[in-house]
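Each remark here refers to the structure printed beneath this line.
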Amino acid sequence: MDQDVRALRNYVAEHLGDELIEWPGGRPGEVEVALVDAVMSIRARYGRPERTEDEVVLKPTGVHRAVAAFRRLRGEGPLDDLRALADVDPVDLTRALGSQRTGGILKAEAIVRAAAALVDVGVTRADHVEPEDEIQKRAYTSVRGLGWVTWDYLGMLLGRPGVKADRWVIQAVCNAVRRPVTAVEARDVVLATADAMAESPSRLEHALWAYERTAAQS
């Protein structure tokens, strides 16, 4: 592990520089929005939020589009009650979010099922979510198509330090250590490197993710 941490630190210094880009901050205090974001991010483009350029309003794209549609369905918020989300009709949610699937089921259905599973173990608000709690983790991952990577990401979106070991983060660690790594290995190396750098793991993860994604598109 020490050798991998040194390798990733060197990779960061060479490619990302001294100042890491900021982690956007997630969806603090809104567990419903965070759950939608986490599930809709599976194998999807994150896109951009709505913004104005030269007096022209650019509509949100990717996951941001789905989150905006969810807010139109549920209201502007704060949206912090999984009991309400568990009661949303999956048909209405699919109409808002689209027909993307994970594990063979509609993401909208997975979101509603995950909300219900978490409510069953006593999780209803953002401040109830504890990524290290095995009971909560098992409840979330009991839903077909949902795994530990997006469970960790849900915690990150709610302000808990963490690492979403998706394809770009795995690629960054692979490039740094010069061998294939699993998602678990990538997460552990990023966490250990963040600790060695006295850096937020969420910020380091986001900087690696952004660098690899941009490099792949150039």
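Chain labels A, B, ... are given in the sequence in which chains occur in the structure tokens; within each chain residues are numbered consecutively from 1, and ligands are likewise numbered from 1 in the order shown.
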Practice item. Could you give me the residues within stretch 69-190 of chain A that DSSP places in strand (DSSP E), as a PyMOL selection string? Key: chain A and resi 101-102+105-106
**Study point:** A:Lys107 environment, 8 Å, only C-alpha atoms, sequence neighbours closer than 4 positions dropped, as a list in words
**Key:**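 Contacts, with the query itself left out: Val39, Met40, Thr94, Ser99, Gln100, Arg101, Thr102 and Ile111 of chain A.
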Neighbouring residues of stretch 8-13 of chain A were defined as those with any atom within 8 Å, considering only C-alpha atoms; residues of the same chain fewer than 3 positions away were excluded. Please report them as a PDB file with N, CA, C and O atoms, in the first residue's frame.
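Final output, saved to selection_36.pdb:
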```pdb
ATOM      1  N   ASP A   4       1.980   2.092  -3.418  1.00  0.00           N
ATOM      2  CA  ASP A   4       0.882   2.605  -4.242  1.00  0.00           C
ATOM      3  C   ASP A   4       0.560   4.053  -3.882  1.00  0.00           C
ATOM      4  O   ASP A   4       0.256   4.873  -4.769  1.00  0.00           O
ATOM      5  N   VAL A   5       0.608   4.358  -2.596  1.00  0.00           N
ATOM      6  CA  VAL A   5       0.350   5.738  -2.164  1.00  0.00           C
ATOM      7  C   VAL A   5       1.410   6.678  -2.731  1.00  0.00           C
ATOM      8  O   VAL A   5       1.086   7.770  -3.234  1.00  0.00           O
ATOM      9  N   LEU A  16      -1.837  16.789 -11.872  1.00  0.00           N
ATOM     10  CA  LEU A  16      -2.876  17.655 -11.305  1.00  0.00           C
ATOM     11  C   LEU A  16      -2.308  18.910 -10.670  1.00  0.00           C
ATOM     12  O   LEU A  16      -3.035  19.887 -10.479  1.00  0.00           O
ATOM     13  N   GLY A  17      -1.033  18.892 -10.308  1.00  0.00           N
ATOM     14  CA  GLY A  17      -0.416  20.066  -9.707  1.00  0.00           C
ATOM     15  C   GLY A  17      -0.700  20.196  -8.222  1.00  0.00           C
ATOM     16  O   GLY A  17      -1.276  19.307  -7.589  1.00  0.00           O
ATOM     17  N   ASP A  18      -0.325  21.332  -7.668  1.00  0.00           N
ATOM     18  CA  ASP A  18      -0.431  21.546  -6.221  1.00  0.00           C
ATOM     19  C   ASP A  18      -1.843  21.887  -5.768  1.00  0.00           C
ATOM     20  O   ASP A  18      -2.230  21.582  -4.640  1.00  0.00           O
ATOM     21  N   VAL A 173      -5.930   5.425 -10.712  1.00  0.00           N
ATOM     22  CA  VAL A 173      -5.072   4.596  -9.863  1.00  0.00           C
ATOM     23  C   VAL A 173      -4.302   3.591 -10.712  1.00  0.00           C
ATOM     24  O   VAL A 173      -3.105   3.359 -10.493  1.00  0.00           O
ATOM     25  N   ALA A 176      -1.455   5.359 -12.231  1.00  0.00           N
ATOM     26  CA  ALA A 176      -0.438   5.731 -11.249  1.00  0.00           C
ATOM     27  C   ALA A 176       0.422   4.543 -10.829  1.00  0.00           C
ATOM     28  O   ALA A 176       1.651   4.647 -10.763  1.00  0.00           O
ATOM     29  N   VAL A 177      -0.224   3.410 -10.542  1.00  0.00           N
ATOM     30  CA  VAL A 177       0.522   2.251 -10.020  1.00  0.00           C
ATOM     31  C   VAL A 177       0.975   1.310 -11.131  1.00  0.00           C
ATOM     32  O   VAL A 177       1.690   0.344 -10.883  1.00  0.00           O
ATOM     33  N   VAL A 189      -6.619   2.982  -2.056  1.00  0.00           N
ATOM     34  CA  VAL A 189      -5.417   3.754  -2.379  1.00  0.00           C
ATOM     35  C   VAL A 189      -5.715   5.252  -2.339  1.00  0.00           C
ATOM     36  O   VAL A 189      -4.913   6.038  -1.810  1.00  0.00           O
ATOM     37  N   VAL A 190      -6.849   5.668  -2.867  1.00  0.00           N
ATOM     38  CA  VAL A 190      -7.204   7.094  -2.840  1.00  0.00           C
ATOM     39  C   VAL A 190      -7.406   7.565  -1.407  1.00  0.00           C
ATOM     40  O   VAL A 190      -6.944   8.654  -1.018  1.00  0.00           O
ATOM     41  N   THR A 193      -4.001   7.816   0.215  1.00  0.00           N
ATOM     42  CA  THR A 193      -3.248   8.935  -0.350  1.00  0.00           C
ATOM     43  C   THR A 193      -3.775  10.261   0.168  1.00  0.00           C
ATOM     44  O   THR A 193      -2.994  11.171   0.499  1.00  0.00           O
ATOM     45  N   MET A 197      -1.666  13.021   2.257  1.00  0.00           N
ATOM     46  CA  MET A 197      -1.559  14.394   1.758  1.00  0.00           C
ATOM     47  C   MET A 197      -2.265  15.399   2.668  1.00  0.00           C
ATOM     48  O   MET A 197      -2.249  16.603   2.381  1.00  0.00           O
ATOM     49  N   LEU A 208      -9.144  13.671  -9.379  1.00  0.00           N
ATOM     50  CA  LEU A 208      -8.710  12.547 -10.219  1.00  0.00           C
ATOM     51  C   LEU A 208      -9.761  12.233 -11.270  1.00  0.00           C
ATOM     52  O   LEU A 208      -9.448  12.003 -12.447  1.00  0.00           O
TER      53      LEU A 208
END
```
Check your understanding: What separation in Å, quoted to one decimal, exists between atom CA of A:Asp81 and atom CA of A:Glu32?
Key -> 6.4 Å
Practice item. Would you mind writing down, as number ranges by chain, each residue of stretch 92-171 of chain A that DSSP on the backbone assigns to helix (DSSP H, G or I)? Key: A: 92-97, 107-120, 126-128, 134-141, 148-157, 167-171
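Reported to one decimal place, the separation of atom CA of A:Tyr153 from atom CA of A:Arg83 is 20.5 Å.
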Review point. Quick one: distance from atom CA of A:Arg95 to atom CA of A:Arg125 in Å, one decimal?
Key: 24.9 Å
**Study point:** Within 7 Å of A:Gly162 using only C-alpha atoms, minus same-chain residues under 6 positions, as a VMD selection string
**Key:** chain A and resid 152 156 201 to 202
If you keep N, CA, C and O atoms, can you produce a file of those selected residues as a PDB file, in the first residue's frame?
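Output below, filename result-v7.pdb:
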```pdb
ATOM      1  N   ASP A 152     -21.374   4.447  -1.252  1.00  0.00           N
ATOM      2  CA  ASP A 152     -20.344   5.375  -0.796  1.00  0.00           C
ATOM      3  C   ASP A 152     -20.583   6.767  -1.372  1.00  0.00           C
ATOM      4  O   ASP A 152     -20.398   7.786  -0.687  1.00  0.00           O
ATOM      5  N   MET A 156     -21.039  10.606   0.199  1.00  0.00           N
ATOM      6  CA  MET A 156     -20.273  11.777  -0.245  1.00  0.00           C
ATOM      7  C   MET A 156     -21.191  12.937  -0.598  1.00  0.00           C
ATOM      8  O   MET A 156     -20.927  14.085  -0.228  1.00  0.00           O
ATOM      9  N   PRO A 201     -10.577  13.312   1.102  1.00  0.00           N
ATOM     10  CA  PRO A 201     -10.692  12.258   0.090  1.00  0.00           C
ATOM     11  C   PRO A 201     -11.688  12.607  -1.001  1.00  0.00           C
ATOM     12  O   PRO A 201     -11.486  12.248  -2.165  1.00  0.00           O
ATOM     13  N   SER A 202     -12.760  13.305  -0.651  1.00  0.00           N
ATOM     14  CA  SER A 202     -13.749  13.693  -1.658  1.00  0.00           C
ATOM     15  C   SER A 202     -13.130  14.640  -2.678  1.00  0.00           C
ATOM     16  O   SER A 202     -13.375  14.533  -3.883  1.00  0.00           O
TER      17      SER A 202
END
```
Review point. Which one of A:Glu109, A:Glu132, A:Asp2, A:Glu205 sits closest to A:Ala86 if you count only C-alpha atoms?
Key: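 Using only C-alpha atoms, the shortest distance to A:Ala86 belongs to A:Glu109.
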Point to revise | Within 7 Å of stretch 60-72 of chain A using only C-alpha atoms, minus same-chain residues under 2 positions, as a list in words | key: Val33, Val36, Asp37, Met40, Ser41, Arg45, Tyr46, Gly47, Arg48, Pro49, Glu50, Leu58, Arg74, Gly75, Glu76, Ala96 and Leu97 of chain A
Exercise for review: Pick out the residues sitting within 9 Å of stretch 138-150 of chain A, and hand them over as a ChimeraX atom specification; count only C-alpha atoms, and ignore anything fewer than 3 positions along from it in its own chain.
Suggested key: /A:38-39,41-42,101-105,107,110-111,113-115,117-118,120-121,133-135,153-155,163-166,183-184
Please produce an output containing N, CA, C and O atoms for each residue in the selection, written as a short mmCIF file (atom, residue, chain, number, x, y, z; two decimals), in the first residue's frame.
```
data_model
loop_
_atom_site.label_atom_id
_atom_site.label_comp_id
_atom_site.auth_asym_id
_atom_site.auth_seq_id
_atom_site.Cartn_x
_atom_site.Cartn_y
_atom_site.Cartn_z
N ALA A 38 -27.21 9.78 -6.92
CA ALA A 38 -26.34 8.60 -6.84
C ALA A 38 -26.76 7.52 -7.83
O ALA A 38 -25.92 6.95 -8.53
N VAL A 39 -28.03 7.22 -7.88
CA VAL A 39 -28.51 6.14 -8.76
C VAL A 39 -28.44 6.57 -10.23
O VAL A 39 -28.01 5.80 -11.10
N SER A 41 -26.39 8.46 -11.56
CA SER A 41 -25.00 8.59 -12.00
C SER A 41 -24.42 7.28 -12.52
O SER A 41 -23.34 7.28 -13.11
N ILE A 42 -25.11 6.17 -12.30
CA ILE A 42 -24.58 4.86 -12.70
C ILE A 42 -24.46 4.80 -14.22
O ILE A 42 -25.45 4.95 -14.94
N ARG A 101 -31.71 2.19 -17.16
CA ARG A 101 -31.80 1.01 -16.31
C ARG A 101 -30.48 0.73 -15.62
O ARG A 101 -29.41 1.12 -16.09
N THR A 102 -30.56 0.01 -14.52
CA THR A 102 -29.40 -0.52 -13.82
C THR A 102 -29.74 -1.92 -13.34
O THR A 102 -30.81 -2.14 -12.76
N GLY A 103 -28.88 -2.87 -13.63
CA GLY A 103 -29.16 -4.24 -13.22
C GLY A 103 -30.43 -4.80 -13.84
O GLY A 103 -31.06 -5.69 -13.27
N GLY A 104 -30.83 -4.24 -14.98
CA GLY A 104 -32.02 -4.74 -15.66
C GLY A 104 -33.33 -4.12 -15.22
O GLY A 104 -34.38 -4.43 -15.79
N ILE A 105 -33.31 -3.24 -14.21
CA ILE A 105 -34.55 -2.59 -13.80
C ILE A 105 -34.42 -1.09 -14.03
O ILE A 105 -33.32 -0.54 -14.14
N LYS A 107 -34.06 2.70 -13.40
CA LYS A 107 -33.41 3.42 -12.30
C LYS A 107 -34.45 4.07 -11.38
O LYS A 107 -34.25 4.12 -10.16
N ALA A 110 -35.51 1.49 -9.01
CA ALA A 110 -34.44 1.24 -8.04
C ALA A 110 -34.40 2.33 -6.98
O ALA A 110 -34.17 2.05 -5.79
N ILE A 111 -34.61 3.57 -7.39
CA ILE A 111 -34.61 4.69 -6.44
C ILE A 111 -35.73 4.53 -5.41
O ILE A 111 -35.51 4.66 -4.20
N ARG A 113 -37.32 1.77 -4.57
CA ARG A 113 -37.05 0.59 -3.75
C ARG A 113 -35.98 0.88 -2.70
O ARG A 113 -36.08 0.45 -1.55
N ALA A 114 -34.93 1.61 -3.10
CA ALA A 114 -33.85 1.93 -2.17
C ALA A 114 -34.36 2.84 -1.05
O ALA A 114 -33.99 2.66 0.12
N ALA A 115 -35.19 3.80 -1.42
CA ALA A 115 -35.77 4.67 -0.39
C ALA A 115 -36.57 3.86 0.62
O ALA A 115 -36.43 4.04 1.84
N ALA A 117 -36.25 0.62 1.29
CA ALA A 117 -35.35 -0.26 2.06
C ALA A 117 -34.65 0.51 3.16
O ALA A 117 -34.48 -0.01 4.28
N LEU A 118 -34.24 1.73 2.88
CA LEU A 118 -33.58 2.53 3.91
C LEU A 118 -34.56 2.96 5.00
O LEU A 118 -34.20 2.98 6.18
N ASP A 120 -37.00 1.28 5.99
CA ASP A 120 -37.23 0.08 6.81
C ASP A 120 -36.18 -0.11 7.90
O ASP A 120 -36.44 -0.79 8.90
N VAL A 121 -34.98 0.44 7.69
CA VAL A 121 -33.93 0.32 8.72
C VAL A 121 -33.74 1.64 9.48
O VAL A 121 -32.71 1.84 10.14
N ASP A 133 -22.20 2.13 8.25
CA ASP A 133 -23.19 1.28 8.92
C ASP A 133 -23.55 0.11 8.00
O ASP A 133 -24.15 0.31 6.94
N GLU A 134 -23.22 -1.10 8.41
CA GLU A 134 -23.44 -2.27 7.56
C GLU A 134 -24.92 -2.56 7.34
O GLU A 134 -25.30 -3.07 6.28
N ILE A 135 -25.76 -2.25 8.31
CA ILE A 135 -27.20 -2.49 8.14
C ILE A 135 -27.75 -1.57 7.05
O ILE A 135 -28.50 -2.00 6.17
N TYR A 153 -21.00 6.81 -2.64
CA TYR A 153 -21.23 8.10 -3.28
C TYR A 153 -22.40 8.84 -2.65
O TYR A 153 -22.36 10.07 -2.50
N LEU A 154 -23.44 8.11 -2.25
CA LEU A 154 -24.56 8.74 -1.56
C LEU A 154 -24.06 9.45 -0.31
O LEU A 154 -24.46 10.59 -0.03
N GLY A 155 -23.18 8.79 0.45
CA GLY A 155 -22.62 9.44 1.62
C GLY A 155 -21.84 10.69 1.27
O GLY A 155 -21.95 11.73 1.93
N VAL A 163 -14.92 8.16 -1.25
CA VAL A 163 -14.41 7.98 -2.60
C VAL A 163 -15.42 7.17 -3.40
O VAL A 163 -15.83 6.10 -2.95
N LYS A 164 -15.82 7.69 -4.54
CA LYS A 164 -16.64 6.93 -5.46
C LYS A 164 -15.70 6.28 -6.48
O LYS A 164 -15.18 6.95 -7.38
N ALA A 165 -15.48 4.99 -6.33
CA ALA A 165 -14.51 4.30 -7.18
C ALA A 165 -15.14 3.92 -8.52
O ALA A 165 -15.37 2.74 -8.81
N ASP A 166 -15.41 4.93 -9.34
CA ASP A 166 -15.99 4.66 -10.65
C ASP A 166 -14.87 4.46 -11.68
O ASP A 166 -13.69 4.40 -11.33
N ALA A 183 -12.04 -1.99 -7.99
CA ALA A 183 -12.68 -0.81 -7.42
C ALA A 183 -12.33 -0.66 -5.94
O ALA A 183 -12.09 0.45 -5.46
N VAL A 184 -12.30 -1.78 -5.22
CA VAL A 184 -11.96 -1.72 -3.79
C VAL A 184 -10.54 -1.22 -3.60
O VAL A 184 -10.26 -0.37 -2.75
#
```
